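Engineer: Questions regarding the structure given below will be posed in turn.
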Amino acid sequence: MDVILLVVCFVFLIVLGAPVALAMIMMPTAYILFTGDAPLLTVPHQMYEGIAHFPLVAVPFFMLTGELMNGSSVTQRIMRLSRVIVGRMQGGLAQVNIVASMFFAGMNGSAVADTATIGTIMIPDMKRKGYSAAYAAAVTAIGSTIGGIIPPSIAMIVLASSVNLSVGALFAGGIIPGILIGLLLMLIAWLIARAKDHERGDEPFTIPSFLSALWGASLALCVPLILVVGIFGGWFSSVEAGAITALVALFLGTIVYRDLDLTSFLGAINRTVRMAASVFIIIAAAGPFTWLLTRIGALEMLQGWLLSYSDTPFLFAMLLLGLILIAGMIMDASANILVLGPLLVTACQTAGYDPVQAALVVVVGFLLGTVTPPVGVCYFTATAIAGCRLEQSAAALLPFLAVEIVVLLLMLFIAPLTLMLPALLGFL
Amino acid sequence: MKAFSRIADVADFAILRVLPVICGTMLVLMVCFIAYTIIMRTVFLDPPFWGDTLTLFANVWLVFLGLIIAVRERSNIAMEALYQIAPTWIGLLLRRFWALAFAALGLLMLVKGYEAAIRILGTYWELGSLPKTYPMMILPVTGAGILIASLLAMFRPHKNITETDDSEFP
């Protein structure tokens, strides 16, 4: 009864437009006020405990890296490289959008930041070339989910810190699914381009132009390389990798490219602070909310229900997927990862899955929630940039969403897809 | 009335101009602490034992102070589809209600956060036996800030006083 009441009240608040974090804090506060089960100081105390985890320090660092890159000419260099590689294909700008998302994924790790950065450049361009605003928004939003899958990934850092998994293992495991999703999204965009007779880009693919674009972006592409060598080689932790990539981005912008001035630097710091605050308020709110769910036995109940189907792997996988997708539709990704993530990883582990594989399925699944209505931050952002109606971009998203769901299923049923690289790099 | 307006101006200046500077400085310091730790560990084989703890606290203070800015700018993640369908006055009413709820949260953090901070036992040896209470004092500080920021958000719409682009932080 308590659980049903909690879910109904929470969904009601969200539908009414309550900030997600506020709704999450209101629930335990009301519970304590009505039942007197615990002292009220539990709420602020749990908020503090939710944030005071060292691995989470990497989050603002990767945000800063992305912002510093955007402040200098790195974004343009990567866009140019993407245009040279895939711009000549049919539906070239949609392909450029997805490829650029894959490159950016290796630098900042935030799906929302990717949507805002790539969307502001690509959506107006795509509209000018005759793509519908809804389609441009859909491609941008779905492409940005790769940002949370290919390392560095803020979502993986958050989940790893709450289930005590190695961040490096999750980073390594995210590489193959991330690239696979990118390639499949490109395939769908190409099929749609053929059906709708979308444009071909005017940038010719020649070896000199490719080499010139690659040379221009080569130093920027060193950032993911530093991450891969540093973390996977055991040289430094994910937090240290975050600080180093931020310093490298600063070095590239100020010394090498010389286009990151003091104003752009301060702007990057300012935006990072604001972005970190809007993510961390949910992390803080997840503390008391998870406390409440544990207190009333909701998490235990959900885990028990899921595990009752563990004898039938296919049914278990379908229920898991359904649960992740539904939760993704009503709650923000970071909240889901913090509140439901540990529970689902434990359930999968009990059902026989490897924890790294389970964690990656959870991360990719909840990231899908950032592009599914009604609570999809990337979907909102891209639609706002494109200036179309929410239901139009939701319809345009459907074929791309189907692809990501297929990849999720593959990740569940083909373990090497997620475990091969972590095993090769010695994390398993 | 004029005095209230002046106090609100000062509070807005503190939240929208001073706090971002403090938070930005903390972010830069965090990068410096970590860089220093890496250099001392890899080059001099003598890593500072205080580096990680200090960085963690800087992060905690940064994000809690950032919450005050987020409340003032109404940049929290929310599903506002209802506001597009419902009449404008319902949207305005609901937004004021959420601001009021944030004010209540601020009050809760101010009073109960202080209580939680002073009750916490122990010290951090790596920071010269710093009592654990001190870092937690960010709870009442944030509480007071959120209380002020939410009252400002209720009575002075943010867009009229700054040029920040809200679409960047949906």
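Note on naming: chains are A, B, ... as they come in the structure tokens, residues start from 1 per chain, ligands start from 1 in the order shown.
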So which residues touch range 75-91 of chain A within 6 Å, counting only C-alpha atoms, skipping near sequence neighbours fewer than 2 positions away, as a PDB file with N, CA and C atoms, in the first residue's frame?
Structural biologist:
```
ATOM      1  N   ASN A  70      34.545  23.111 -26.240  1.00  0.00           N
ATOM      2  CA  ASN A  70      33.567  23.923 -26.981  1.00  0.00           C
ATOM      3  C   ASN A  70      34.003  25.379 -27.074  1.00  0.00           C
ATOM      4  N   SER A  73      38.442  25.952 -30.697  1.00  0.00           N
ATOM      5  CA  SER A  73      37.978  25.543 -32.027  1.00  0.00           C
ATOM      6  C   SER A  73      37.885  24.030 -32.190  1.00  0.00           C
ATOM      7  N   LEU A  93      24.272  15.080 -43.678  1.00  0.00           N
ATOM      8  CA  LEU A  93      24.307  15.863 -42.435  1.00  0.00           C
ATOM      9  C   LEU A  93      23.837  15.039 -41.234  1.00  0.00           C
ATOM     10  N   ALA A  94      22.897  14.128 -41.461  1.00  0.00           N
ATOM     11  CA  ALA A  94      22.459  13.254 -40.363  1.00  0.00           C
ATOM     12  C   ALA A  94      23.622  12.347 -39.956  1.00  0.00           C
ATOM     13  N   VAL A  96      26.834  13.048 -40.372  1.00  0.00           N
ATOM     14  CA  VAL A  96      27.829  13.899 -39.704  1.00  0.00           C
ATOM     15  C   VAL A  96      27.438  14.089 -38.235  1.00  0.00           C
ATOM     16  N   VAL A  99      28.259  10.839 -36.356  1.00  0.00           N
ATOM     17  CA  VAL A  99      29.707  10.617 -36.218  1.00  0.00           C
ATOM     18  C   VAL A  99      30.318  11.637 -35.247  1.00  0.00           C
ATOM     19  N   ALA A 100      29.870  12.891 -35.346  1.00  0.00           N
ATOM     20  CA  ALA A 100      30.381  13.917 -34.423  1.00  0.00           C
ATOM     21  C   ALA A 100      30.023  13.543 -32.987  1.00  0.00           C
ATOM     22  N   ALA A 193      17.312   8.239 -45.325  1.00  0.00           N
ATOM     23  CA  ALA A 193      17.742   9.205 -46.352  1.00  0.00           C
ATOM     24  C   ALA A 193      17.392   8.709 -47.753  1.00  0.00           C
ATOM     25  N   HIS A 198      17.001  12.308 -49.066  1.00  0.00           N
ATOM     26  CA  HIS A 198      17.706  13.413 -48.406  1.00  0.00           C
ATOM     27  C   HIS A 198      18.953  13.811 -49.202  1.00  0.00           C
ATOM     28  N   GLU A 199      19.510  14.976 -48.870  1.00  0.00           N
ATOM     29  CA  GLU A 199      20.646  15.537 -49.632  1.00  0.00           C
ATOM     30  C   GLU A 199      21.934  14.710 -49.510  1.00  0.00           C
ATOM     31  N   ARG A 200      22.855  15.004 -50.395  1.00  0.00           N
ATOM     32  CA  ARG A 200      24.226  14.533 -50.250  1.00  0.00           C
ATOM     33  C   ARG A 200      25.064  15.764 -49.950  1.00  0.00           C
ATOM     34  N   GLY A 201      26.045  15.633 -49.047  1.00  0.00           N
ATOM     35  CA  GLY A 201      26.874  16.789 -48.697  1.00  0.00           C
ATOM     36  C   GLY A 201      27.743  17.242 -49.867  1.00  0.00           C
ATOM     37  N   PHE A 205      35.101  13.686 -50.597  1.00  0.00           N
ATOM     38  CA  PHE A 205      36.046  12.881 -49.819  1.00  0.00           C
ATOM     39  C   PHE A 205      37.283  12.629 -50.666  1.00  0.00           C
ATOM     40  N   PHE A 210      40.942  14.538 -46.257  1.00  0.00           N
ATOM     41  CA  PHE A 210      40.781  13.717 -45.054  1.00  0.00           C
ATOM     42  C   PHE A 210      41.995  13.875 -44.138  1.00  0.00           C
ATOM     43  N   ALA A 213      41.944  17.272 -42.496  1.00  0.00           N
ATOM     44  CA  ALA A 213      40.959  17.354 -41.403  1.00  0.00           C
ATOM     45  C   ALA A 213      41.430  16.536 -40.204  1.00  0.00           C
ATOM     46  N   ALA A 217      42.336  17.849 -36.357  1.00  0.00           N
ATOM     47  CA  ALA A 217      41.646  17.380 -35.140  1.00  0.00           C
ATOM     48  C   ALA A 217      42.504  16.413 -34.339  1.00  0.00           C
TER      49      ALA A 217
END
```
Engineer: Please list as a short mmCIF file (atom, residue, chain, number, x, y, z; two decimals) with all heavy atoms, in the first residue's frame every residue within 12 Å of Asp311 in chain A, counting only C-alpha atoms and excluding residues in the same chain fewer than 6 positions away.
Structural biologist:
```cif
data_model
loop_
_atom_site.label_atom_id
_atom_site.label_comp_id
_atom_site.auth_asym_id
_atom_site.auth_seq_id
_atom_site.Cartn_x
_atom_site.Cartn_y
_atom_site.Cartn_z
N ALA A 317 14.84 -11.19 -18.90
CA ALA A 317 15.45 -10.12 -19.69
C ALA A 317 14.39 -9.14 -20.19
O ALA A 317 14.59 -7.91 -20.15
CB ALA A 317 16.21 -10.71 -20.87
N CYS A 348 20.38 -8.74 -11.41
CA CYS A 348 20.98 -9.41 -12.57
C CYS A 348 22.11 -10.34 -12.12
O CYS A 348 22.25 -11.45 -12.64
CB CYS A 348 21.56 -8.38 -13.55
SG CYS A 348 20.30 -7.49 -14.43
N THR A 350 22.36 -11.84 -9.25
CA THR A 350 21.75 -13.04 -8.65
C THR A 350 21.21 -13.96 -9.73
O THR A 350 21.22 -15.18 -9.59
CB THR A 350 20.60 -12.62 -7.70
OG1 THR A 350 21.04 -11.51 -6.92
CG2 THR A 350 20.17 -13.74 -6.80
N ALA A 351 20.74 -13.35 -10.83
CA ALA A 351 20.17 -14.17 -11.92
C ALA A 351 21.26 -14.76 -12.81
O ALA A 351 20.95 -15.45 -13.79
CB ALA A 351 19.22 -13.33 -12.74
N GLY A 352 22.51 -14.48 -12.50
CA GLY A 352 23.60 -15.13 -13.23
C GLY A 352 24.36 -14.25 -14.20
O GLY A 352 25.25 -14.73 -14.90
#
```
Engineer: Considering only C-alpha atoms, tabulate each residue of chain A that lies at most 8 Å from chain B along with its nearest interatomic pair and the corresponding distance in Å to one decimal; arrange the rows by chain and ascending residue number and present them as JSON lines.
Structural biologist:
```
{"residue": "A:Ile14", "atom": "CA", "partner": "B:Met79", "partner_atom": "CA", "distance": 6.5}
{"residue": "A:Val15", "atom": "CA", "partner": "B:Met79", "partner_atom": "CA", "distance": 6.7}
{"residue": "A:Leu16", "atom": "CA", "partner": "B:Leu82", "partner_atom": "CA", "distance": 6.7}
{"residue": "A:Gly17", "atom": "CA", "partner": "B:Glu80", "partner_atom": "CA", "distance": 4.8}
{"residue": "A:Ala18", "atom": "CA", "partner": "B:Ala78", "partner_atom": "CA", "distance": 6.0}
{"residue": "A:Pro19", "atom": "CA", "partner": "B:Ala78", "partner_atom": "CA", "distance": 4.3}
{"residue": "A:Val20", "atom": "CA", "partner": "B:Ala78", "partner_atom": "CA", "distance": 5.5}
{"residue": "A:Ala21", "atom": "CA", "partner": "B:Asn76", "partner_atom": "CA", "distance": 7.7}
{"residue": "A:Leu22", "atom": "CA", "partner": "B:Phe102", "partner_atom": "CA", "distance": 7.2}
{"residue": "A:Leu40", "atom": "CA", "partner": "B:Lys112", "partner_atom": "CA", "distance": 6.7}
{"residue": "A:Leu41", "atom": "CA", "partner": "B:Lys112", "partner_atom": "CA", "distance": 4.7}
{"residue": "A:Thr42", "atom": "CA", "partner": "B:Ala116", "partner_atom": "CA", "distance": 7.9}
{"residue": "A:Pro44", "atom": "CA", "partner": "B:Gly113", "partner_atom": "CA", "distance": 5.3}
{"residue": "A:His45", "atom": "CA", "partner": "B:Ala116", "partner_atom": "CA", "distance": 6.1}
{"residue": "A:Tyr48", "atom": "CA", "partner": "B:Met136", "partner_atom": "CA", "distance": 7.4}
{"residue": "A:Ile51", "atom": "CA", "partner": "B:Val60", "partner_atom": "CA", "distance": 6.4}
{"residue": "A:Ala52", "atom": "CA", "partner": "B:Val60", "partner_atom": "CA", "distance": 6.2}
{"residue": "A:His53", "atom": "CA", "partner": "B:Leu56", "partner_atom": "CA", "distance": 7.3}
{"residue": "A:Phe54", "atom": "CA", "partner": "B:Leu56", "partner_atom": "CA", "distance": 5.7}
{"residue": "A:Val57", "atom": "CA", "partner": "B:Asn59", "partner_atom": "CA", "distance": 6.2}
{"residue": "A:Pro60", "atom": "CA", "partner": "B:Leu27", "partner_atom": "CA", "distance": 7.9}
{"residue": "A:Phe61", "atom": "CA", "partner": "B:Val31", "partner_atom": "CA", "distance": 7.6}
{"residue": "A:Ala116", "atom": "CA", "partner": "B:Glu168", "partner_atom": "CA", "distance": 6.8}
{"residue": "A:Glu240", "atom": "CA", "partner": "B:Ile34", "partner_atom": "CA", "distance": 6.2}
{"residue": "A:Ala243", "atom": "CA", "partner": "B:Val31", "partner_atom": "CA", "distance": 5.2}
{"residue": "A:Ile244", "atom": "CA", "partner": "B:Ala35", "partner_atom": "CA", "distance": 7.1}
{"residue": "A:Ala246", "atom": "CA", "partner": "B:Val31", "partner_atom": "CA", "distance": 7.9}
{"residue": "A:Leu247", "atom": "CA", "partner": "B:Val31", "partner_atom": "CA", "distance": 7.9}
{"residue": "A:Ile269", "atom": "CA", "partner": "B:Gly24", "partner_atom": "CA", "distance": 5.7}
{"residue": "A:Asn270", "atom": "CA", "partner": "B:Pro20", "partner_atom": "CA", "distance": 6.3}
{"residue": "A:Val273", "atom": "CA", "partner": "B:Gly66", "partner_atom": "CA", "distance": 6.4}
{"residue": "A:Arg274", "atom": "CA", "partner": "B:Gly66", "partner_atom": "CA", "distance": 6.3}
{"residue": "A:Met275", "atom": "CA", "partner": "B:Phe169", "partner_atom": "CA", "distance": 6.7}
{"residue": "A:Ala276", "atom": "CA", "partner": "B:Val63", "partner_atom": "CA", "distance": 6.6}
{"residue": "A:Ala277", "atom": "CA", "partner": "B:Gly66", "partner_atom": "CA", "distance": 4.8}
{"residue": "A:Ser278", "atom": "CA", "partner": "B:Asn76", "partner_atom": "CA", "distance": 5.7}
{"residue": "A:Phe280", "atom": "CA", "partner": "B:Val63", "partner_atom": "CA", "distance": 6.4}
{"residue": "A:Ile281", "atom": "CA", "partner": "B:Leu67", "partner_atom": "CA", "distance": 6.4}
{"residue": "A:Asp332", "atom": "CA", "partner": "B:Ile77", "partner_atom": "CA", "distance": 7.9}
{"residue": "A:Pro374", "atom": "CA", "partner": "B:Met79", "partner_atom": "CA", "distance": 6.9}
{"residue": "A:Val375", "atom": "CA", "partner": "B:Met79", "partner_atom": "CA", "distance": 5.7}
{"residue": "A:Val377", "atom": "CA", "partner": "B:Pro170", "partner_atom": "CA", "distance": 7.0}
{"residue": "A:Phe380", "atom": "CA", "partner": "B:Pro170", "partner_atom": "CA", "distance": 7.7}
{"residue": "A:Thr381", "atom": "CA", "partner": "B:Pro170", "partner_atom": "CA", "distance": 6.7}
{"residue": "A:Ala384", "atom": "CA", "partner": "B:Ser167", "partner_atom": "CA", "distance": 7.8}
```
Engineer: Using DSSP secondary structure from the backbone, list all alpha helix (DSSP H) positions within chain B, as a PyMOL selection string.
Structural biologist: chain B and resi 2-13+19-42+51-73+81-85+88-119+133-136+138-155
Engineer: When you count only C-alpha atoms, which of these residues is closest to Ala11 in chain B: B:Pro131, B:Arg72, B:Ala103, B:Ile90?
Structural biologist: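 With only C-alpha atoms as the atom set, the closest residue is B:Arg72.
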Engineer: DSSP on the backbone: which residues in range 70-144 of chain B end up as strand (DSSP E or B)? Give the answer as a PDB file with N, CA, C and O atoms, in the first residue's frame.
Structural biologist:
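The resulting file, out16.pdb, is shown below:
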```
ATOM      1  N   ALA B  78      12.916  19.302 -14.972  1.00  0.00           N
ATOM      2  CA  ALA B  78      11.502  19.084 -14.671  1.00  0.00           C
ATOM      3  C   ALA B  78      10.755  18.838 -15.971  1.00  0.00           C
ATOM      4  O   ALA B  78      11.189  19.254 -17.039  1.00  0.00           O
ATOM      5  N   THR B 123      36.928  13.095  13.452  1.00  0.00           N
ATOM      6  CA  THR B 123      37.777  14.113  12.817  1.00  0.00           C
ATOM      7  C   THR B 123      38.468  13.498  11.592  1.00  0.00           C
ATOM      8  O   THR B 123      38.486  12.278  11.427  1.00  0.00           O
ATOM      9  N   TYR B 124      39.015  14.380  10.746  1.00  0.00           N
ATOM     10  CA  TYR B 124      39.803  13.917   9.603  1.00  0.00           C
ATOM     11  C   TYR B 124      41.272  14.077   9.960  1.00  0.00           C
ATOM     12  O   TYR B 124      41.776  15.200  10.016  1.00  0.00           O
ATOM     13  N   LEU B 130      40.744  17.884  11.565  1.00  0.00           N
ATOM     14  CA  LEU B 130      39.595  18.770  11.312  1.00  0.00           C
ATOM     15  C   LEU B 130      38.303  18.039  11.707  1.00  0.00           C
ATOM     16  O   LEU B 130      38.073  16.926  11.241  1.00  0.00           O
ATOM     17  N   PRO B 131      37.468  18.652  12.582  1.00  0.00           N
ATOM     18  CA  PRO B 131      36.222  17.968  12.958  1.00  0.00           C
ATOM     19  C   PRO B 131      35.333  17.739  11.732  1.00  0.00           C
ATOM     20  O   PRO B 131      35.271  18.581  10.839  1.00  0.00           O
TER      21      PRO B 131
END
```
Engineer: If we count only C-alpha atoms and set the cut-off at 8 Å, which residues sit around range 118-128 of chain A, ignoring sequence neighbours fewer than 2 positions away in its own chain? Please answer as a PDB file with N, CA, C and O atoms, in the first residue's frame.
Structural biologist:
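What follows is the written file part_15.pdb:
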```
ATOM      1  N   LEU A  93      24.272  15.080 -43.678  1.00  0.00           N
ATOM      2  CA  LEU A  93      24.307  15.863 -42.435  1.00  0.00           C
ATOM      3  C   LEU A  93      23.837  15.039 -41.234  1.00  0.00           C
ATOM      4  O   LEU A  93      24.345  15.228 -40.121  1.00  0.00           O
ATOM      5  N   ALA A  94      22.897  14.128 -41.461  1.00  0.00           N
ATOM      6  CA  ALA A  94      22.459  13.254 -40.363  1.00  0.00           C
ATOM      7  C   ALA A  94      23.622  12.347 -39.956  1.00  0.00           C
ATOM      8  O   ALA A  94      23.863  12.103 -38.766  1.00  0.00           O
ATOM      9  N   ASN A  97      26.146  14.326 -38.024  1.00  0.00           N
ATOM     10  CA  ASN A  97      25.621  14.518 -36.673  1.00  0.00           C
ATOM     11  C   ASN A  97      25.964  13.314 -35.783  1.00  0.00           C
ATOM     12  O   ASN A  97      26.475  13.470 -34.663  1.00  0.00           O
ATOM     13  N   ALA A 100      29.870  12.891 -35.346  1.00  0.00           N
ATOM     14  CA  ALA A 100      30.381  13.917 -34.423  1.00  0.00           C
ATOM     15  C   ALA A 100      30.023  13.543 -32.987  1.00  0.00           C
ATOM     16  O   ALA A 100      30.836  13.720 -32.067  1.00  0.00           O
ATOM     17  N   SER A 101      28.814  12.996 -32.785  1.00  0.00           N
ATOM     18  CA  SER A 101      28.420  12.561 -31.436  1.00  0.00           C
ATOM     19  C   SER A 101      29.362  11.486 -30.922  1.00  0.00           C
ATOM     20  O   SER A 101      29.703  11.457 -29.737  1.00  0.00           O
ATOM     21  N   ASP A 114      26.308  17.014 -25.083  1.00  0.00           N
ATOM     22  CA  ASP A 114      26.439  16.670 -26.504  1.00  0.00           C
ATOM     23  C   ASP A 114      25.264  17.213 -27.304  1.00  0.00           C
ATOM     24  O   ASP A 114      25.440  17.764 -28.399  1.00  0.00           O
ATOM     25  N   THR A 115      24.066  17.052 -26.766  1.00  0.00           N
ATOM     26  CA  THR A 115      22.868  17.532 -27.475  1.00  0.00           C
ATOM     27  C   THR A 115      22.968  19.028 -27.703  1.00  0.00           C
ATOM     28  O   THR A 115      22.709  19.517 -28.813  1.00  0.00           O
ATOM     29  N   ALA A 116      23.329  19.755 -26.624  1.00  0.00           N
ATOM     30  CA  ALA A 116      23.376  21.215 -26.734  1.00  0.00           C
ATOM     31  C   ALA A 116      24.467  21.652 -27.714  1.00  0.00           C
ATOM     32  O   ALA A 116      24.233  22.502 -28.581  1.00  0.00           O
ATOM     33  N   GLY A 130      16.944  21.079 -45.906  1.00  0.00           N
ATOM     34  CA  GLY A 130      15.675  20.449 -46.240  1.00  0.00           C
ATOM     35  C   GLY A 130      15.219  19.323 -45.331  1.00  0.00           C
ATOM     36  O   GLY A 130      14.192  18.695 -45.591  1.00  0.00           O
ATOM     37  N   TYR A 131      15.959  19.035 -44.269  1.00  0.00           N
ATOM     38  CA  TYR A 131      15.489  18.018 -43.317  1.00  0.00           C
ATOM     39  C   TYR A 131      14.372  18.641 -42.482  1.00  0.00           C
ATOM     40  O   TYR A 131      14.396  19.849 -42.219  1.00  0.00           O
ATOM     41  N   SER A 132      13.422  17.801 -42.054  1.00  0.00           N
ATOM     42  CA  SER A 132      12.378  18.355 -41.180  1.00  0.00           C
ATOM     43  C   SER A 132      12.993  18.660 -39.820  1.00  0.00           C
ATOM     44  O   SER A 132      13.954  17.995 -39.399  1.00  0.00           O
ATOM     45  N   ALA A 133      12.435  19.669 -39.140  1.00  0.00           N
ATOM     46  CA  ALA A 133      12.964  20.059 -37.822  1.00  0.00           C
ATOM     47  C   ALA A 133      12.884  18.880 -36.851  1.00  0.00           C
ATOM     48  O   ALA A 133      13.804  18.650 -36.053  1.00  0.00           O
ATOM     49  N   ALA A 136      15.681  16.388 -37.552  1.00  0.00           N
ATOM     50  CA  ALA A 136      16.969  16.935 -37.095  1.00  0.00           C
ATOM     51  C   ALA A 136      17.080  16.808 -35.568  1.00  0.00           C
ATOM     52  O   ALA A 136      18.134  16.420 -35.037  1.00  0.00           O
ATOM     53  N   ALA A 137      15.972  17.110 -34.873  1.00  0.00           N
ATOM     54  CA  ALA A 137      15.972  17.005 -33.406  1.00  0.00           C
ATOM     55  C   ALA A 137      16.161  15.551 -32.983  1.00  0.00           C
ATOM     56  O   ALA A 137      16.935  15.255 -32.056  1.00  0.00           O
ATOM     57  N   THR A 140      19.784  14.334 -33.521  1.00  0.00           N
ATOM     58  CA  THR A 140      20.679  14.955 -32.529  1.00  0.00           C
ATOM     59  C   THR A 140      20.499  14.314 -31.157  1.00  0.00           C
ATOM     60  O   THR A 140      21.477  13.977 -30.477  1.00  0.00           O
ATOM     61  N   ALA A 382      16.893  19.022 -27.670  1.00  0.00           N
ATOM     62  CA  ALA A 382      16.982  18.998 -29.138  1.00  0.00           C
ATOM     63  C   ALA A 382      15.707  19.570 -29.765  1.00  0.00           C
ATOM     64  O   ALA A 382      15.774  20.337 -30.732  1.00  0.00           O
ATOM     65  N   ILE A 385      15.778  23.326 -29.521  1.00  0.00           N
ATOM     66  CA  ILE A 385      16.707  23.944 -30.487  1.00  0.00           C
ATOM     67  C   ILE A 385      16.075  23.907 -31.878  1.00  0.00           C
ATOM     68  O   ILE A 385      16.150  24.877 -32.640  1.00  0.00           O
ATOM     69  N   ALA A 386      15.415  22.770 -32.205  1.00  0.00           N
ATOM     70  CA  ALA A 386      14.836  22.625 -33.551  1.00  0.00           C
ATOM     71  C   ALA A 386      13.574  23.468 -33.724  1.00  0.00           C
ATOM     72  O   ALA A 386      13.196  23.810 -34.844  1.00  0.00           O
TER      73      ALA A 386
END
```
Engineer: Could you tell me how far CA of Ile324 in chain A sits from CA of Ser238 in chain A, in Å to one decimal place?
Structural biologist: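 Those two atoms sit 26.3 Å apart.
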Engineer: Please provide as a PyMOL selection string all residues within 12 Å of range 416-423 of chain A, with the sequence filter that same-chain residues fewer than 2 positions apart are discarded (counting only C-alpha atoms).
Structural biologist: chain A and resi 149-150+166-181+228+231-233+353-361+364+407-414+425-428
Engineer: To one decimal in Å, tell me the separation between CA of Val18 in chain B and CA of Arg156 in chain B.
Structural biologist: 18.4 Å
Engineer: Residues near Pro28 in chain A, anyone? I mean within 7 Å using only C-alpha atoms, not counting same-chain ones fewer than 5 positions away, as a short mmCIF file (atom, residue, chain, number, x, y, z; two decimals) with C-alpha atoms, in the first residue's frame.
Structural biologist:
```
data_model
loop_
_atom_site.label_atom_id
_atom_site.label_comp_id
_atom_site.auth_asym_id
_atom_site.auth_seq_id
_atom_site.Cartn_x
_atom_site.Cartn_y
_atom_site.Cartn_z
CA PRO A 288 16.85 10.46 0.98
CA PHE A 289 14.64 8.99 -1.78
CA LEU A 292 12.68 5.91 1.87
#
```
Engineer: List the neighbours of Leu260 in chain A out to 7 Å using only C-alpha atoms; skip same-chain residues closer than 5 positions along the sequence, and give me the result as an MDAnalysis selection string.
Structural biologist: chainID A and resid 71:72 253:254 265
Engineer: Got time to write the residues from that selection, N, CA, C and O atoms, as a compact mmCIF listing (two decimals), in the first residue's frame?
Structural biologist:
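And here is the file that came out, result.txt:
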```txt
# COMPACT_ATOMS: atom_id res chain seq x y z
N GLY A 71 34.70 25.84 -26.02
CA GLY A 71 35.15 27.23 -26.00
C GLY A 71 36.25 27.50 -27.01
O GLY A 71 36.43 28.63 -27.45
N SER A 72 37.00 26.47 -27.36
CA SER A 72 38.06 26.65 -28.38
C SER A 72 37.54 26.11 -29.72
O SER A 72 36.36 25.83 -29.86
N GLY A 253 43.51 24.61 -26.05
CA GLY A 253 42.80 25.86 -26.36
C GLY A 253 43.67 27.09 -26.25
O GLY A 253 43.57 28.00 -27.07
N THR A 254 44.55 27.13 -25.23
CA THR A 254 45.31 28.36 -25.00
C THR A 254 46.68 28.36 -25.68
O THR A 254 47.09 29.37 -26.24
N PHE A 265 37.19 31.00 -21.35
CA PHE A 265 37.58 30.15 -20.22
C PHE A 265 36.63 30.35 -19.04
O PHE A 265 36.12 29.39 -18.46
```
Engineer: Provide the CA of Leu107 in chain B to CA of Thr142 in chain B distance in Å, to one decimal place.
Structural biologist: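 Spanning CA of Leu107 in chain B to CA of Thr142 in chain B is a straight-line distance of 9.7 Å.
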